[in-house]
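Coordinates from entry.csv are shown below (CSV, C-alpha atoms).
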```csv
chain,number,residue,atom,x,y,z
U,1,MET,CA,5.3,7.4,-95.4
U,2,ALA,CA,4.9,3.9,-96.9
U,3,MET,CA,1.5,2.7,-98.0
U,4,ARG,CA,0.1,-0.1,-95.7
U,5,GLN,CA,-1.0,-3.3,-97.3
U,6,THR,CA,-4.6,-4.0,-96.4
U,7,PRO,CA,-5.7,-7.4,-97.5
U,8,LEU,CA,-9.3,-8.3,-98.2
U,9,THR,CA,-10.3,-11.3,-96.1
U,10,CYS,CA,-12.7,-13.9,-97.7
U,11,SER,CA,-14.4,-16.0,-95.0
U,12,GLY,CA,-16.9,-18.8,-95.4
U,13,HIS,CA,-14.8,-21.9,-95.2
U,14,THR,CA,-14.7,-23.8,-91.9
U,15,ARG,CA,-11.4,-25.7,-92.4
U,16,PRO,CA,-8.0,-25.1,-94.0
U,17,VAL,CA,-7.9,-23.8,-97.5
U,18,VAL,CA,-5.5,-26.0,-99.4
U,19,ASP,CA,-5.7,-24.9,-103.1
U,20,LEU,CA,-7.0,-22.0,-105.2
U,21,ALA,CA,-7.1,-21.1,-108.8
U,22,PHE,CA,-8.1,-18.1,-111.0
U,23,SER,CA,-9.9,-18.3,-114.3
U,24,GLY,CA,-8.8,-16.3,-117.3
U,25,ILE,CA,-10.2,-12.8,-117.9
U,26,THR,CA,-13.8,-13.1,-119.2
U,27,PRO,CA,-16.4,-10.5,-120.3
U,28,TYR,CA,-17.6,-10.7,-116.7
U,29,GLY,CA,-14.3,-10.2,-115.1
U,30,TYR,CA,-12.3,-13.1,-113.7
U,31,PHE,CA,-13.1,-15.7,-111.0
U,32,LEU,CA,-11.5,-17.5,-108.1
U,33,ILE,CA,-12.1,-21.0,-106.9
U,34,SER,CA,-10.9,-22.4,-103.6
U,35,ALA,CA,-10.5,-26.0,-102.3
U,36,CYS,CA,-11.0,-26.6,-98.7
U,37,LYS,CA,-10.9,-29.5,-96.2
U,38,ASP,CA,-14.5,-28.7,-95.4
U,39,GLY,CA,-15.5,-30.4,-98.6
U,40,LYS,CA,-17.2,-27.3,-100.0
U,41,PRO,CA,-15.3,-25.6,-102.8
U,42,MET,CA,-16.3,-22.0,-103.3
U,43,LEU,CA,-16.5,-19.7,-106.3
U,44,ARG,CA,-15.8,-15.9,-105.9
U,45,GLN,CA,-15.5,-12.8,-108.0
U,46,GLY,CA,-11.7,-12.6,-108.5
U,47,ASP,CA,-11.1,-8.9,-108.0
U,48,THR,CA,-13.3,-8.4,-104.9
U,49,GLY,CA,-13.4,-11.8,-103.3
U,50,ASP,CA,-17.2,-11.6,-103.2
U,51,TRP,CA,-18.8,-15.0,-102.8
U,52,ILE,CA,-20.8,-16.3,-105.8
U,53,GLY,CA,-21.6,-19.8,-104.8
U,54,THR,CA,-20.6,-23.1,-103.2
U,55,PHE,CA,-20.3,-26.4,-105.1
U,56,LEU,CA,-22.1,-29.0,-103.0
U,57,GLY,CA,-21.7,-32.8,-103.5
U,58,HIS,CA,-18.3,-34.0,-102.2
U,59,LYS,CA,-18.3,-36.2,-99.1
U,60,GLY,CA,-14.7,-35.5,-98.0
U,61,ALA,CA,-12.0,-32.9,-98.0
U,62,VAL,CA,-11.4,-31.2,-101.3
U,63,TRP,CA,-7.7,-31.1,-102.1
U,64,GLY,CA,-7.6,-29.5,-105.6
U,65,ALA,CA,-9.8,-27.1,-107.5
U,66,THR,CA,-9.5,-25.4,-110.9
U,67,LEU,CA,-11.5,-23.3,-113.4
U,68,ASN,CA,-11.3,-23.5,-117.2
U,69,THR,CA,-10.2,-20.3,-119.0
U,70,ASP,CA,-13.6,-18.7,-119.5
U,71,ALA,CA,-14.9,-19.8,-116.1
U,72,THR,CA,-17.8,-21.9,-117.5
U,73,LYS,CA,-16.5,-25.1,-116.0
U,74,ALA,CA,-15.0,-26.0,-112.6
U,75,ALA,CA,-13.3,-29.2,-111.5
U,76,THR,CA,-12.5,-30.5,-108.0
U,77,ALA,CA,-10.3,-33.3,-106.5
U,78,ALA,CA,-11.4,-34.8,-103.3
U,79,ALA,CA,-10.8,-37.4,-100.5
U,80,ASP,CA,-14.0,-39.1,-101.4
U,81,PHE,CA,-12.1,-40.9,-104.2
U,82,THR,CA,-13.7,-38.7,-106.9
U,83,ALA,CA,-12.9,-35.8,-109.2
U,84,LYS,CA,-16.0,-33.8,-110.1
U,85,VAL,CA,-16.7,-31.5,-113.0
U,86,TRP,CA,-19.2,-28.7,-112.4
U,87,ASP,CA,-21.1,-26.1,-114.4
U,88,ALA,CA,-19.5,-23.0,-113.0
U,89,VAL,CA,-22.4,-20.8,-114.1
U,90,SER,CA,-25.3,-22.8,-112.5
U,91,GLY,CA,-23.3,-24.6,-109.9
U,92,ASP,CA,-24.6,-28.0,-111.0
U,93,GLU,CA,-22.5,-31.2,-110.9
U,94,VAL,CA,-21.9,-32.4,-114.5
U,95,LEU,CA,-19.7,-35.4,-113.9
U,96,SER,CA,-18.4,-37.5,-111.0
U,97,LEU,CA,-15.3,-39.4,-111.9
U,98,ALA,CA,-14.6,-42.4,-109.6
U,99,HIS,CA,-11.0,-43.1,-108.6
U,100,LYS,CA,-9.4,-45.8,-106.5
U,101,HIS,CA,-7.9,-43.4,-103.9
U,102,ILE,CA,-7.8,-39.8,-102.8
U,103,VAL,CA,-7.6,-37.3,-105.7
U,104,LYS,CA,-5.3,-34.4,-105.2
U,105,SER,CA,-5.1,-32.5,-108.5
U,106,VAL,CA,-7.3,-31.5,-111.5
U,107,ASN,CA,-6.5,-29.6,-114.6
U,108,PHE,CA,-8.4,-28.8,-117.8
U,109,THR,CA,-6.9,-28.7,-121.3
U,110,GLN,CA,-7.1,-25.3,-123.0
U,111,ASP,CA,-10.2,-26.3,-124.9
U,112,SER,CA,-11.8,-27.7,-121.7
U,113,ASN,CA,-12.5,-31.0,-123.5
U,114,CYS,CA,-10.1,-33.1,-121.3
U,115,LEU,CA,-9.4,-33.3,-117.6
U,116,LEU,CA,-6.1,-34.5,-116.1
U,117,THR,CA,-6.2,-35.9,-112.6
U,118,GLY,CA,-3.6,-37.1,-110.1
U,119,GLY,CA,-3.7,-38.5,-106.6
U,120,ASN,CA,-2.7,-41.1,-104.0
U,121,ASP,CA,-3.0,-44.1,-106.3
U,122,LYS,CA,0.2,-42.8,-108.1
U,123,LEU,CA,-1.5,-42.7,-111.6
U,124,LEU,CA,-2.1,-39.8,-113.9
U,125,ARG,CA,-5.5,-40.1,-115.7
U,126,ILE,CA,-6.8,-38.3,-118.8
U,127,TYR,CA,-10.6,-38.1,-119.1
U,128,ASP,CA,-12.3,-37.2,-122.4
U,129,LEU,CA,-15.2,-35.1,-121.0
U,130,SER,CA,-17.2,-35.6,-124.3
U,131,LYS,CA,-17.1,-39.4,-123.6
U,132,PRO,CA,-17.8,-39.6,-119.8
U,133,ASP,CA,-18.4,-43.4,-119.9
U,134,ALA,CA,-15.1,-44.1,-121.6
U,135,ALA,CA,-12.3,-45.4,-119.5
U,136,PRO,CA,-9.6,-42.8,-118.9
U,137,GLN,CA,-6.1,-43.0,-120.3
U,138,GLU,CA,-3.7,-43.8,-117.5
U,139,ILE,CA,0.0,-43.0,-117.1
U,140,ALA,CA,2.0,-44.9,-114.5
U,141,GLY,CA,5.6,-44.1,-113.3
U,142,HIS,CA,5.5,-42.3,-110.0
U,143,SER,CA,6.2,-44.4,-106.9
U,144,SER,CA,4.3,-42.3,-104.5
U,145,ALA,CA,1.2,-40.1,-104.3
U,146,ILE,CA,0.9,-37.4,-107.0
U,147,LYS,CA,0.4,-33.9,-105.5
U,148,LYS,CA,0.0,-31.8,-108.7
U,149,SER,CA,-0.5,-32.5,-112.4
U,150,LEU,CA,-0.6,-29.9,-115.1
U,151,TRP,CA,-0.9,-29.7,-118.9
U,152,CYS,CA,1.9,-27.8,-120.6
U,153,ASN,CA,3.3,-27.0,-124.0
U,154,ASN,CA,-0.1,-26.5,-125.7
U,155,ASP,CA,-1.4,-29.6,-124.0
U,156,SER,CA,1.1,-31.8,-125.8
U,157,GLN,CA,2.9,-32.5,-122.5
U,158,ILE,CA,2.1,-33.1,-118.9
U,159,LEU,CA,4.0,-32.1,-115.7
U,160,SER,CA,3.5,-34.0,-112.5
U,161,ALA,CA,4.9,-33.6,-109.0
U,162,ALA,CA,4.7,-36.4,-106.4
U,163,GLU,CA,5.7,-37.5,-102.9
U,164,ASP,CA,8.5,-39.6,-104.5
U,165,LYS,CA,10.5,-36.3,-104.6
U,166,THR,CA,10.3,-36.0,-108.3
U,167,VAL,CA,8.8,-33.8,-111.0
U,168,ARG,CA,8.3,-35.6,-114.2
U,169,LEU,CA,7.6,-34.4,-117.8
U,170,TRP,CA,5.5,-36.7,-120.0
U,171,ASP,CA,4.4,-36.7,-123.6
U,172,SER,CA,0.6,-36.7,-123.5
U,173,ARG,CA,0.2,-38.6,-126.7
U,174,SER,CA,2.8,-41.4,-126.4
U,175,MET,CA,2.3,-41.4,-122.5
U,176,GLU,CA,6.1,-41.8,-122.2
U,177,GLU,CA,8.2,-40.1,-119.7
U,178,VAL,CA,10.4,-37.4,-121.3
U,179,LYS,CA,12.5,-36.2,-118.3
U,180,THR,CA,12.6,-36.4,-114.5
U,181,LEU,CA,13.8,-33.9,-111.9
U,182,THR,CA,14.8,-35.4,-108.5
U,183,PHE,CA,14.9,-33.4,-105.3
U,184,ASP,CA,16.2,-33.9,-101.7
U,185,THR,CA,12.7,-33.4,-100.3
U,186,SER,CA,9.2,-33.7,-101.5
U,187,VAL,CA,8.0,-30.8,-103.8
U,188,SER,CA,5.3,-28.7,-102.0
U,189,SER,CA,3.9,-26.9,-105.1
U,190,MET,CA,4.1,-26.4,-108.8
U,191,GLU,CA,2.9,-23.5,-111.1
U,192,TYR,CA,3.1,-23.4,-114.8
U,193,LEU,CA,3.2,-20.2,-116.9
U,194,ALA,CA,2.5,-20.9,-120.6
U,195,ASP,CA,3.8,-17.4,-121.5
U,196,GLY,CA,7.5,-18.1,-121.4
U,197,GLU,CA,7.1,-21.8,-120.6
U,198,ILE,CA,8.2,-21.3,-117.0
U,199,LEU,CA,7.7,-23.8,-114.2
U,200,VAL,CA,7.7,-22.6,-110.6
U,201,ILE,CA,8.5,-25.3,-108.0
U,202,THR,CA,8.8,-25.0,-104.2
U,203,TYR,CA,10.4,-27.5,-101.9
U,204,GLY,CA,11.7,-26.9,-98.4
U,205,LYS,CA,12.7,-23.2,-98.2
U,206,THR,CA,13.5,-23.1,-102.0
U,207,ILE,CA,11.6,-21.4,-104.8
U,208,ALA,CA,13.0,-22.7,-108.1
U,209,PHE,CA,12.3,-21.6,-111.7
U,210,TYR,CA,12.7,-24.0,-114.6
U,211,ASN,CA,12.2,-24.0,-118.3
U,212,ALA,CA,9.0,-26.1,-118.6
U,213,LEU,CA,10.1,-27.7,-122.0
U,214,SER,CA,13.6,-28.7,-121.1
U,215,LEU,CA,13.4,-28.8,-117.3
U,216,ASP,CA,16.6,-26.8,-117.2
U,217,LEU,CA,17.0,-24.7,-114.1
U,218,ILE,CA,16.7,-20.9,-114.6
U,219,GLN,CA,17.3,-19.7,-111.1
U,220,MET,CA,16.5,-20.5,-107.5
U,221,VAL,CA,15.8,-18.4,-104.3
U,222,GLU,CA,16.1,-19.4,-100.7
U,223,ALA,CA,13.2,-18.0,-98.5
U,224,PRO,CA,13.4,-17.3,-94.7
U,225,ALA,CA,10.9,-20.1,-93.9
U,226,SER,CA,9.6,-23.4,-95.3
U,227,ILE,CA,7.5,-22.5,-98.4
U,228,ASN,CA,4.3,-24.2,-99.4
U,229,SER,CA,3.5,-22.3,-102.6
U,230,ALA,CA,4.8,-19.6,-104.9
U,231,SER,CA,3.5,-17.7,-107.9
U,232,LEU,CA,5.2,-15.6,-110.6
U,233,HIS,CA,3.7,-12.4,-111.7
U,234,PRO,CA,2.3,-12.5,-115.3
U,235,GLU,CA,4.8,-9.8,-116.3
U,236,LYS,CA,7.6,-11.8,-114.6
U,237,ASP,CA,8.8,-8.7,-112.6
U,238,PHE,CA,8.4,-10.4,-109.2
U,239,PHE,CA,7.0,-13.4,-107.5
U,240,VAL,CA,5.2,-14.1,-104.2
U,241,ALA,CA,5.5,-17.1,-101.8
U,242,GLY,CA,3.9,-18.2,-98.6
U,243,GLY,CA,4.6,-21.0,-96.1
U,244,ASP,CA,4.9,-22.1,-92.5
U,245,ASP,CA,5.6,-18.8,-90.8
U,246,PHE,CA,2.2,-17.4,-91.7
U,247,LYS,CA,3.8,-14.7,-94.0
U,248,LEU,CA,3.5,-13.7,-97.6
U,249,TYR,CA,6.9,-12.8,-99.2
U,250,LYS,CA,7.4,-10.8,-102.4
U,251,PHE,CA,10.7,-11.0,-104.3
U,252,ASP,CA,12.2,-9.3,-107.3
U,253,TYR,CA,12.4,-11.9,-110.0
U,254,SER,CA,15.6,-10.6,-111.7
U,255,THR,CA,17.6,-9.6,-108.6
U,256,LYS,CA,16.1,-12.2,-106.2
U,257,GLU,CA,15.9,-9.5,-103.5
U,258,GLU,CA,13.1,-9.7,-100.9
U,259,LEU,CA,11.0,-6.7,-101.5
U,260,GLU,CA,8.2,-7.0,-98.8
U,261,SER,CA,6.7,-9.5,-96.4
U,262,TYR,CA,3.3,-9.3,-94.8
U,263,LYS,CA,1.7,-11.3,-92.0
U,264,GLY,CA,-2.1,-11.5,-92.3
U,265,HIS,CA,-2.9,-15.1,-91.8
U,266,PHE,CA,-3.2,-16.9,-88.5
U,267,GLY,CA,-1.9,-20.2,-89.7
U,268,PRO,CA,0.5,-21.5,-92.4
U,269,VAL,CA,-0.1,-20.4,-96.0
U,270,HIS,CA,-0.9,-23.4,-98.2
U,271,CYS,CA,-1.5,-21.7,-101.6
U,272,VAL,CA,-0.8,-18.4,-103.3
U,273,ARG,CA,-1.6,-17.3,-106.9
U,274,PHE,CA,-1.5,-14.1,-108.9
U,275,SER,CA,-4.7,-13.0,-110.6
U,276,PRO,CA,-4.6,-13.1,-114.5
U,277,ASP,CA,-4.3,-9.3,-114.7
U,278,GLY,CA,-1.5,-9.3,-112.1
U,279,GLU,CA,-3.2,-6.7,-110.0
U,280,LEU,CA,-3.6,-8.9,-106.9
U,281,TYR,CA,-2.6,-12.2,-105.5
U,282,ALA,CA,-4.7,-14.5,-103.4
U,283,SER,CA,-3.6,-16.7,-100.5
U,284,GLY,CA,-5.3,-19.6,-98.8
U,285,SER,CA,-4.4,-20.7,-95.3
U,286,GLU,CA,-4.7,-23.2,-92.5
U,287,ASP,CA,-6.8,-20.5,-90.7
U,288,GLY,CA,-9.7,-21.2,-93.1
U,289,THR,CA,-9.6,-17.9,-94.9
U,290,LEU,CA,-8.5,-16.6,-98.3
U,291,ARG,CA,-6.9,-13.2,-98.5
U,292,LEU,CA,-6.5,-10.9,-101.5
U,293,TRP,CA,-3.4,-8.7,-101.5
U,294,GLN,CA,-2.7,-5.7,-103.8
U,295,THR,CA,0.3,-6.0,-106.1
U,296,ALA,CA,0.6,-2.2,-106.2
U,297,VAL,CA,-0.4,-1.0,-102.7
U,298,GLY,CA,-2.5,2.1,-102.7
U,299,LYS,CA,-3.9,1.7,-106.3
U,300,THR,CA,-7.6,2.1,-106.8
U,301,TYR,CA,-8.7,-1.4,-107.9
U,302,GLY,CA,-11.6,-3.7,-106.9
U,303,LEU,CA,-12.6,-2.8,-103.4
U,304,TRP,CA,-9.5,-0.8,-102.7
U,305,LYS,CA,-9.9,3.0,-103.1
U,306,CYS,CA,-6.9,5.3,-103.1
U,307,VAL,CA,-7.3,8.3,-100.8
U,308,LEU,CA,-4.7,11.0,-101.3
U,309,PRO,CA,-3.4,12.8,-98.1
U,310,GLU,CA,-4.8,16.1,-99.2
U,311,ASP,CA,-8.3,14.5,-99.5
U,312,LEU,CA,-8.3,13.5,-95.9
U,313,GLY,CA,-9.6,15.4,-92.9
U,314,THR,CA,-7.3,16.2,-90.0
U,315,GLU,CA,-9.0,13.6,-87.8
U,316,ASN,CA,-7.9,10.6,-90.0
U,317,SER,CA,-4.8,12.0,-91.6
U,318,GLU,CA,-2.8,8.9,-90.6
U,319,GLN,CA,-5.0,6.8,-93.0
U,320,LEU,CA,-3.7,6.9,-96.5
U,321,TYR,CA,-6.4,4.8,-98.2
U,322,SER,CA,-9.4,2.8,-97.3
U,323,SER,CA,-10.3,-0.8,-98.4
U,324,THR,CA,-14.0,-0.2,-98.5
U,325,PRO,CA,-15.7,1.0,-101.7
U,326,GLU,CA,-17.2,4.4,-101.9
U,327,ILE,CA,-20.5,4.3,-103.8
U,328,LYS,CA,-21.4,7.5,-105.5
U,329,ALA,CA,-24.7,8.0,-107.2
```
Structure translated into structure tokens:
Amino acid sequence: MAMRQTPLTCSGHTRPVVDLAFSGITPYGYFLISACKDGKPMLRQGDTGDWIGTFLGHKGAVWGATLNTDATKAATAAADFTAKVWDAVSGDEVLSLAHKHIVKSVNFTQDSNCLLTGGNDKLLRIYDLSKPDAAPQEIAGHSSAIKKSLWCNNDSQILSAAEDKTVRLWDSRSMEEVKTLTFDTSVSSMEYLADGEILVITYGKTIAFYNALSLDLIQMVEAPASINSASLHPEKDFFVAGGDDFKLYKFDYSTKEELESYKGHFGPVHCVRFSPDGELYASGSEDGTLRLWQTAVGKTYGLWKCVLPEDLGTENSEQLYSSTPEIKA
């Protein structure tokens, strides 16, 4: 009898959840930030989904959110024409960076000293956070709104995806365009894995994997539905994707075989990401919730507790494990 996936539901948002990101692994575990159209990004304990706090200050929908590696800083991109930097420990706003249009994407350098932003004014901006009054460096080239912008190659290069149906690679020092990928339709999401320099791109029903340095195609997979987001497992054994049919799909990375699909959300899935330890993946949806899904179903981890059949009484022998923690003194 197969184990049944029991996702943990994280409620609290009142509008669609459009972006999420994990921190790295810290001495206090790892953390999860979510961006929502309710304008109130939330910080959670990554392995349990427990709410830690809400960042208050934006006056419009928040489209992008990220944490630095050690989860001491957060950044958010919003429809109020600002990107904000926060102290992720106290929750205090540290900086508000004014833009000329809606901001969609924020990304820290590895040392957390610079912030990359992108949005509807088609420009990439690089802010030196140690000089908040200094004008940002600007990179022009996209002809439509930028959806996602990411540092790559040890912060020496930048990747950007825009409504102009392109993904572009830039040199962050010379600010010159290195290479462009052009697609038939607008790219819906982009994920960068520094380990192995892999770029994951979704567009239409396609999930494509590229070498992030050369932008050469590694492989591509067609999903059963239109896909909004995909994430590759840190060990690169498999990847997950979610989209317009409310489902989460899990595929084998080497064979491209669909391994599982789960329906848990009550609206399209907008974002999905693996945790830094690969033990779970988080999804955010139009339904206003985040859900945490186990990578290895039935394993004791976080709030999931494995219950073996022989440990069960006859009255609940159908239940293989519970998703509530058992606290023992």
Contacts of Thr26 (chain U) within 8 Å, all atoms listed in the file, excl. fewer than 2 positions in-chain, as a PyMOL selection string = chain U and resi 24+28-30+70-71
ask   = Do you know which residues are at most 10 Å from Ser174 (chain U) counting all atoms listed in the file, after dropping those on the same chain fewer than 5 positions away, and could you put them as an NGL selection string?
value = :U and (139 or 156-157)
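Omitting Lys73 (chain U) and its sequence neighbours fewer than 4 positions away, and counting all atoms listed in the file, the residues within 6 Å are Leu67, Asn68, Trp86, Asp87 and Ala88 of chain U.
Between Ala78 (chain U) and the residues U:Lys305, U:Lys104, U:Arg168, U:His99, the shortest atom-to-atom distance, using only C-alpha atoms, involves U:Lys104.
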Write out as CSV the residues of region 242-290 of chain U that have any atom within 9 Å of an atom of region 34-40 of chain U, one row each with the nearest atom pair and its distance in Å to one decimal, counting all atoms listed in the file, sorted by chain and then rising number.
```
residue,atom,partner,partner_atom,distance
U:Gly284,CA,U:Ser34,CA,7.9
U:Gly288,CA,U:Cys36,CA,7.9
U:Leu290,CA,U:Ser34,CA,8.2
```
Test item: residues at most 9 Å from Leu124 (chain U), only C-alpha atoms, excluding those fewer than 6 positions along its chain, as a PDB file with C-alpha atoms, in the frame of the given file:
```pdb
ATOM      1  CA  LEU U 116      -6.100 -34.500-116.100  1.00  0.00           C
ATOM      2  CA  THR U 117      -6.200 -35.900-112.600  1.00  0.00           C
ATOM      3  CA  GLY U 118      -3.600 -37.100-110.100  1.00  0.00           C
ATOM      4  CA  GLN U 137      -6.100 -43.000-120.300  1.00  0.00           C
ATOM      5  CA  GLU U 138      -3.700 -43.800-117.500  1.00  0.00           C
ATOM      6  CA  ILE U 139       0.000 -43.000-117.100  1.00  0.00           C
ATOM      7  CA  ALA U 140       2.000 -44.900-114.500  1.00  0.00           C
ATOM      8  CA  GLY U 141       5.600 -44.100-113.300  1.00  0.00           C
ATOM      9  CA  HIS U 142       5.500 -42.300-110.000  1.00  0.00           C
ATOM     10  CA  ILE U 146       0.900 -37.400-107.000  1.00  0.00           C
ATOM     11  CA  SER U 149      -0.500 -32.500-112.400  1.00  0.00           C
ATOM     12  CA  SER U 160       3.500 -34.000-112.500  1.00  0.00           C
TER      13      SER U 160
END
```
query = Hey, what's within 8 Å of region 49-64 of chain U if we count all atoms listed in the file and toss same-chain stuff fewer than 6 positions away? As a PyMOL selection string, please?
reply = chain U and resi 8-10+18-20+32+35-43+76-80+86+91-93+103-106+292
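Coordinates place CA of Leu303 (chain U) at a distance of 22.0 Å from CA of Cys271 (chain U).
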query = Need the neighbours of (-6.9, -14.6, -91.1): which residues are at most 7 Å away, counting all atoms listed in the file, as a PyMOL selection string?
reply = chain U and resi 9+264-266+287+289
Would you put the residues from that selection into a file with C-alpha atoms, as a CSV table (one decimal), in the coordinates of the input?
```
chain,number,residue,atom,x,y,z
U,9,THR,CA,-10.3,-11.3,-96.1
U,264,GLY,CA,-2.1,-11.5,-92.3
U,265,HIS,CA,-2.9,-15.1,-91.8
U,266,PHE,CA,-3.2,-16.9,-88.5
U,287,ASP,CA,-6.8,-20.5,-90.7
U,289,THR,CA,-9.6,-17.9,-94.9
```
